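Here the structure is laid out as structure tokens; the discussion comes afterwards.
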Amino acid sequence: MESNKHIEAWLEAYFEGESTLEQEQKLRAYFTGDTVAPYLEKYIPLFAAFAEAKQERYTGEINLPVSRKKYPWLSIAASILVIVGLFLFFNNRNDNADNRNDYGTYKDPQVAALKTKQALFMMGSFIDQSTSRLNALDEFEKTTDKYINKQ
Amino acid sequence: MNQKDFLTIVHPFQDKIYRLARRLLTSEEEAQDATQEVLLKLWSKKKQLKKYRSAEAFAMTMTKNYCYDTLKAKRSSNVKLVHTNYKDSSYDTVKETEVSDSVNWVYKLMKELPEQQQLILQLRDVEQYTNAEIADQLEINEGTVRTALSRARKTIREGLMEKHRYGIK
């Protein structure tokens with residue numbers, strides 16, 4: 001029973017917190033084995049518990065937050081693009097504002113005068129046309145005047 | 001560092017985190033939550049991870065802190081149930097021969113230890129860290145680790161002897 005002597009000494013050291021990891025390893029091996037001396041059997045549960053405790057595994061899932069975007073500069077590029085876009089858009093509108101006096105009219109005064117005359121003549125002829133139609137109203141006046149004058 | 005790299009780093013010790021949390025907290029669910037929480041914190045600090053002594057030691061320290069916080073929060077909301085008498089009726093009547101029952105008894109004894117001793121016993125006797133590593137992880141000095149270890153082991157031995165005597169009776 002030479003080995004039991006060792007075991008006893010290691011146990012002693014174990015409870016004093018003086019044993020080495022190696023000795024503790026041997027103790028665990030001894031007590032979880034089949035050849036434990038009867039008078040040492042009372043220590044079996046202790047080492048069995050440690051051995052068993054080591055079998056526990058984490059079975060849960062590991063949920064990590066989704067990692068950040070692969071291209072962090074993408075959002076910056078996009079925002080620059082939007083700013084440039086808006087800038088150009090408003091710039092364009094300002095250009096249009098400069099052309100506000102351009103009504104698409106004639107540049108040459110003579111042609112302009114001629115065209116104005118033409119337009120006025122056209123309007124005049126329209127008015128003539130419509131006033132000639134108004135002559136028909138005279139007929140009404142003739143008939144109504146008859147009664148009005150009688151009174 | 002992407003998620004895959006992170007998981008590769010974490011994989012060797014994620015079970016240790018879980019077991020440590022399991023030892024200190026009451027239920028499996030709580031321990032699972034703790035593990036997830038610690039890993040999440042580790043992930044958020046992944047940039048600093050390389051600066052630390054080792055990711056594993058850092059993780060164990062975080063687990064310890066997390067468990068302490070959880071226990072503290074619980075203690076303030078719950079009344080602690082203290083029982084000093086383990087005379088479960090079954091122990092008196094049935095002669096215990098099953099090792100698994102005795103193993104559970106050891107777990108029960110471990111649970112009754114002060115938190116720090118539970119941690120140290122778990123880290124040393126289950127995870128087989130050296131005292132220096134434990135001191136580093138728990139942010140205490142080595143002498144304290146050794147003393148606490150001895151006390152914890154002796155307390156458990158006493159409990160076992162008591163149980164053993166019941167068995168003989």
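Scheme for the structure tokens: letters A, B, ... for chains in order shown; per-chain residue numbers from 1; ligand numbers from 1 in order shown.
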
Using only C-alpha atoms, which residues sit within 9 Å of Leu160 in chain B once same-chain residues fewer than 3 positions away are excluded, as a ChimeraX atom specification?
/A:42-43,45-46 /B:102,105-106,109,155-157,163-165

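The shell of residues at most 10 Å from range 37-39 of chain A, with only C-alpha atoms counted and near chain neighbours (fewer than 4 positions) removed, consists of Met1, Asn4, Tyr30, Phe31 and Tyr43 of chain A.
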
Please, could you write that set of residues out with N, CA, C and O atoms as a PDB file, in the first residue's frame?
ATOM      1  N   MET A   1       0.840  -1.211   0.000  1.00  0.00           N
ATOM      2  CA  MET A   1       0.000   0.000   0.000  1.00  0.00           C
ATOM      3  C   MET A   1       0.866   1.250   0.000  1.00  0.00           C
ATOM      4  O   MET A   1       0.633   2.198   0.721  1.00  0.00           O
ATOM      5  N   ASN A   4      -1.035   4.341  -1.249  1.00  0.00           N
ATOM      6  CA  ASN A   4      -1.946   4.952  -0.294  1.00  0.00           C
ATOM      7  C   ASN A   4      -1.244   5.965   0.591  1.00  0.00           C
ATOM      8  O   ASN A   4      -1.835   6.973   0.991  1.00  0.00           O
ATOM      9  N   TYR A  30      -7.083   8.994  -8.816  1.00  0.00           N
ATOM     10  CA  TYR A  30      -7.196   7.898  -7.848  1.00  0.00           C
ATOM     11  C   TYR A  30      -8.633   7.730  -7.380  1.00  0.00           C
ATOM     12  O   TYR A  30      -9.184   6.617  -7.383  1.00  0.00           O
ATOM     13  N   PHE A  31      -9.262   8.829  -7.008  1.00  0.00           N
ATOM     14  CA  PHE A  31     -10.590   8.723  -6.409  1.00  0.00           C
ATOM     15  C   PHE A  31     -11.694   8.462  -7.418  1.00  0.00           C
ATOM     16  O   PHE A  31     -12.782   8.049  -7.058  1.00  0.00           O
ATOM     17  N   TYR A  43     -14.010  10.093   0.603  1.00  0.00           N
ATOM     18  CA  TYR A  43     -13.601  11.251  -0.214  1.00  0.00           C
ATOM     19  C   TYR A  43     -14.032  11.135  -1.671  1.00  0.00           C
ATOM     20  O   TYR A  43     -13.895  12.086  -2.427  1.00  0.00           O
TER      21      TYR A  43
END

Can you work out which residues from chain B touch chain A at a cut-off of 8 Å (counting only C-alpha atoms) and hand them back as a CSV table (one decimal) with N, CA and C atoms, in the first residue's frame?
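Listed below is the output, out-v9.csv:
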chain,number,residue,atom,x,y,z
B,2,ASN,N,-13.8,39.9,-36.7
B,2,ASN,CA,-15.2,39.6,-37.0
B,2,ASN,C,-15.8,38.5,-36.1
B,3,GLN,N,-17.1,38.2,-36.3
B,3,GLN,CA,-17.8,37.3,-35.3
B,3,GLN,C,-17.1,36.0,-35.2
B,14,GLN,N,-15.7,29.3,-23.1
B,14,GLN,CA,-17.1,29.6,-22.9
B,14,GLN,C,-17.8,28.7,-21.9
B,15,ASP,N,-17.4,27.4,-21.9
B,15,ASP,CA,-17.9,26.5,-20.9
B,15,ASP,C,-17.5,26.8,-19.5
B,18,TYR,N,-19.6,29.5,-18.2
B,18,TYR,CA,-20.9,28.9,-17.8
B,18,TYR,C,-20.8,28.2,-16.5
B,19,ARG,N,-19.8,27.4,-16.3
B,19,ARG,CA,-19.7,26.6,-15.1
B,19,ARG,C,-19.5,27.5,-13.9
B,32,GLN,N,-27.0,30.5,-17.9
B,32,GLN,CA,-27.0,30.7,-19.3
B,32,GLN,C,-27.0,32.2,-19.7
B,35,THR,N,-23.7,33.8,-19.0
B,35,THR,CA,-22.7,33.5,-20.0
B,35,THR,C,-22.9,34.4,-21.2
B,36,GLN,N,-24.2,34.4,-21.7
B,36,GLN,CA,-24.5,35.2,-22.9
B,36,GLN,C,-24.1,36.7,-22.6
B,39,LEU,N,-20.3,37.2,-22.6
B,39,LEU,CA,-19.8,37.1,-24.0
B,39,LEU,C,-20.1,38.4,-24.8
B,40,LEU,N,-21.3,38.9,-24.5
B,40,LEU,CA,-21.7,40.1,-25.2
B,40,LEU,C,-20.9,41.3,-24.8
B,43,TRP,N,-17.6,40.9,-26.4
B,43,TRP,CA,-17.7,41.3,-27.8
B,43,TRP,C,-17.6,42.8,-28.0
B,99,VAL,N,-23.3,7.0,-5.2
B,99,VAL,CA,-22.3,8.1,-5.3
B,99,VAL,C,-23.0,9.4,-5.8
B,100,SER,N,-23.9,9.3,-6.7
B,100,SER,CA,-24.5,10.5,-7.3
B,100,SER,C,-25.2,11.3,-6.2
B,102,SER,N,-24.3,11.5,-3.1
B,102,SER,CA,-23.2,12.1,-2.4
B,102,SER,C,-22.6,13.3,-3.1
B,103,VAL,N,-22.6,13.1,-4.5
B,103,VAL,CA,-22.0,14.2,-5.3
B,103,VAL,C,-22.9,15.4,-5.2
B,104,ASN,N,-24.2,15.2,-5.2
B,104,ASN,CA,-25.2,16.3,-5.0
B,104,ASN,C,-25.0,17.0,-3.7
B,106,VAL,N,-22.2,17.2,-2.1
B,106,VAL,CA,-21.0,18.0,-2.3
B,106,VAL,C,-21.4,19.4,-2.9
B,107,TYR,N,-22.2,19.3,-3.9
B,107,TYR,CA,-22.7,20.6,-4.6
B,107,TYR,C,-23.4,21.5,-3.6
B,125,ASP,N,-10.3,23.5,-8.3
B,125,ASP,CA,-10.6,22.1,-8.3
B,125,ASP,C,-11.3,21.6,-9.5
B,126,VAL,N,-12.1,22.5,-10.1
B,126,VAL,CA,-12.8,22.0,-11.3
B,126,VAL,C,-12.0,22.5,-12.6
B,127,GLU,N,-11.7,23.7,-12.6
B,127,GLU,CA,-11.0,24.2,-13.9
B,127,GLU,C,-9.5,24.1,-13.8
B,128,GLN,N,-9.0,23.8,-12.7
B,128,GLN,CA,-7.6,23.5,-12.5
B,128,GLN,C,-6.7,24.7,-13.0
B,130,THR,N,-4.0,27.7,-11.8
B,130,THR,CA,-3.0,27.8,-10.8
B,130,THR,C,-3.5,28.9,-9.8
B,146,ARG,N,-4.9,30.9,-1.4
B,146,ARG,CA,-4.5,29.7,-0.8
B,146,ARG,C,-5.3,29.4,0.5
B,147,THR,N,-5.4,30.5,1.3
B,147,THR,CA,-6.2,30.4,2.6
B,147,THR,C,-7.6,30.0,2.3
B,149,LEU,N,-8.9,28.6,-0.2
B,149,LEU,CA,-9.0,27.3,-0.8
B,149,LEU,C,-9.0,26.2,0.3
B,150,SER,N,-8.0,26.4,1.3
B,150,SER,CA,-7.9,25.5,2.4
B,150,SER,C,-9.2,25.5,3.2
B,151,ARG,N,-9.7,26.7,3.5
B,151,ARG,CA,-10.9,26.8,4.3
B,151,ARG,C,-12.1,26.1,3.6
B,153,ARG,N,-12.0,23.7,1.3
B,153,ARG,CA,-11.9,22.3,1.2
B,153,ARG,C,-12.2,21.6,2.6
B,154,LYS,N,-11.7,22.3,3.6
B,154,LYS,CA,-11.9,21.8,5.0
B,154,LYS,C,-13.4,21.8,5.3
B,157,ARG,N,-15.0,19.0,3.6
B,157,ARG,CA,-14.6,17.7,4.3
B,157,ARG,C,-15.5,17.5,5.5
B,160,LEU,N,-18.8,16.4,4.6
B,160,LEU,CA,-18.8,15.0,4.1
B,160,LEU,C,-18.7,14.0,5.2
B,161,MET,N,-17.9,14.4,6.2
B,161,MET,CA,-17.7,13.5,7.3
B,161,MET,C,-19.0,13.3,8.1
B,164,HIS,N,-21.1,11.1,6.1
B,164,HIS,CA,-20.6,9.8,6.2
B,164,HIS,C,-21.0,9.1,7.5

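If you measure from each of B:Met1, B:Leu71, B:Leu119, B:Met110 to Ile17 in chain B using only C-alpha atoms, the closest one turns out to be B:Leu119.
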
Residues within 7 Å of Ala59 in chain B, only C-alpha atoms, excluding chain neighbours under 4 positions, as JSON, numbers by chain
{"B": [42, 55, 63]}

Å distance separating CA of Ala9 in chain A from CA of Ala152 in chain B, one decimal place
18.7 Å

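One finds CA of Ala132 in chain B at 24.7 Å from CA of Ala34 in chain B.
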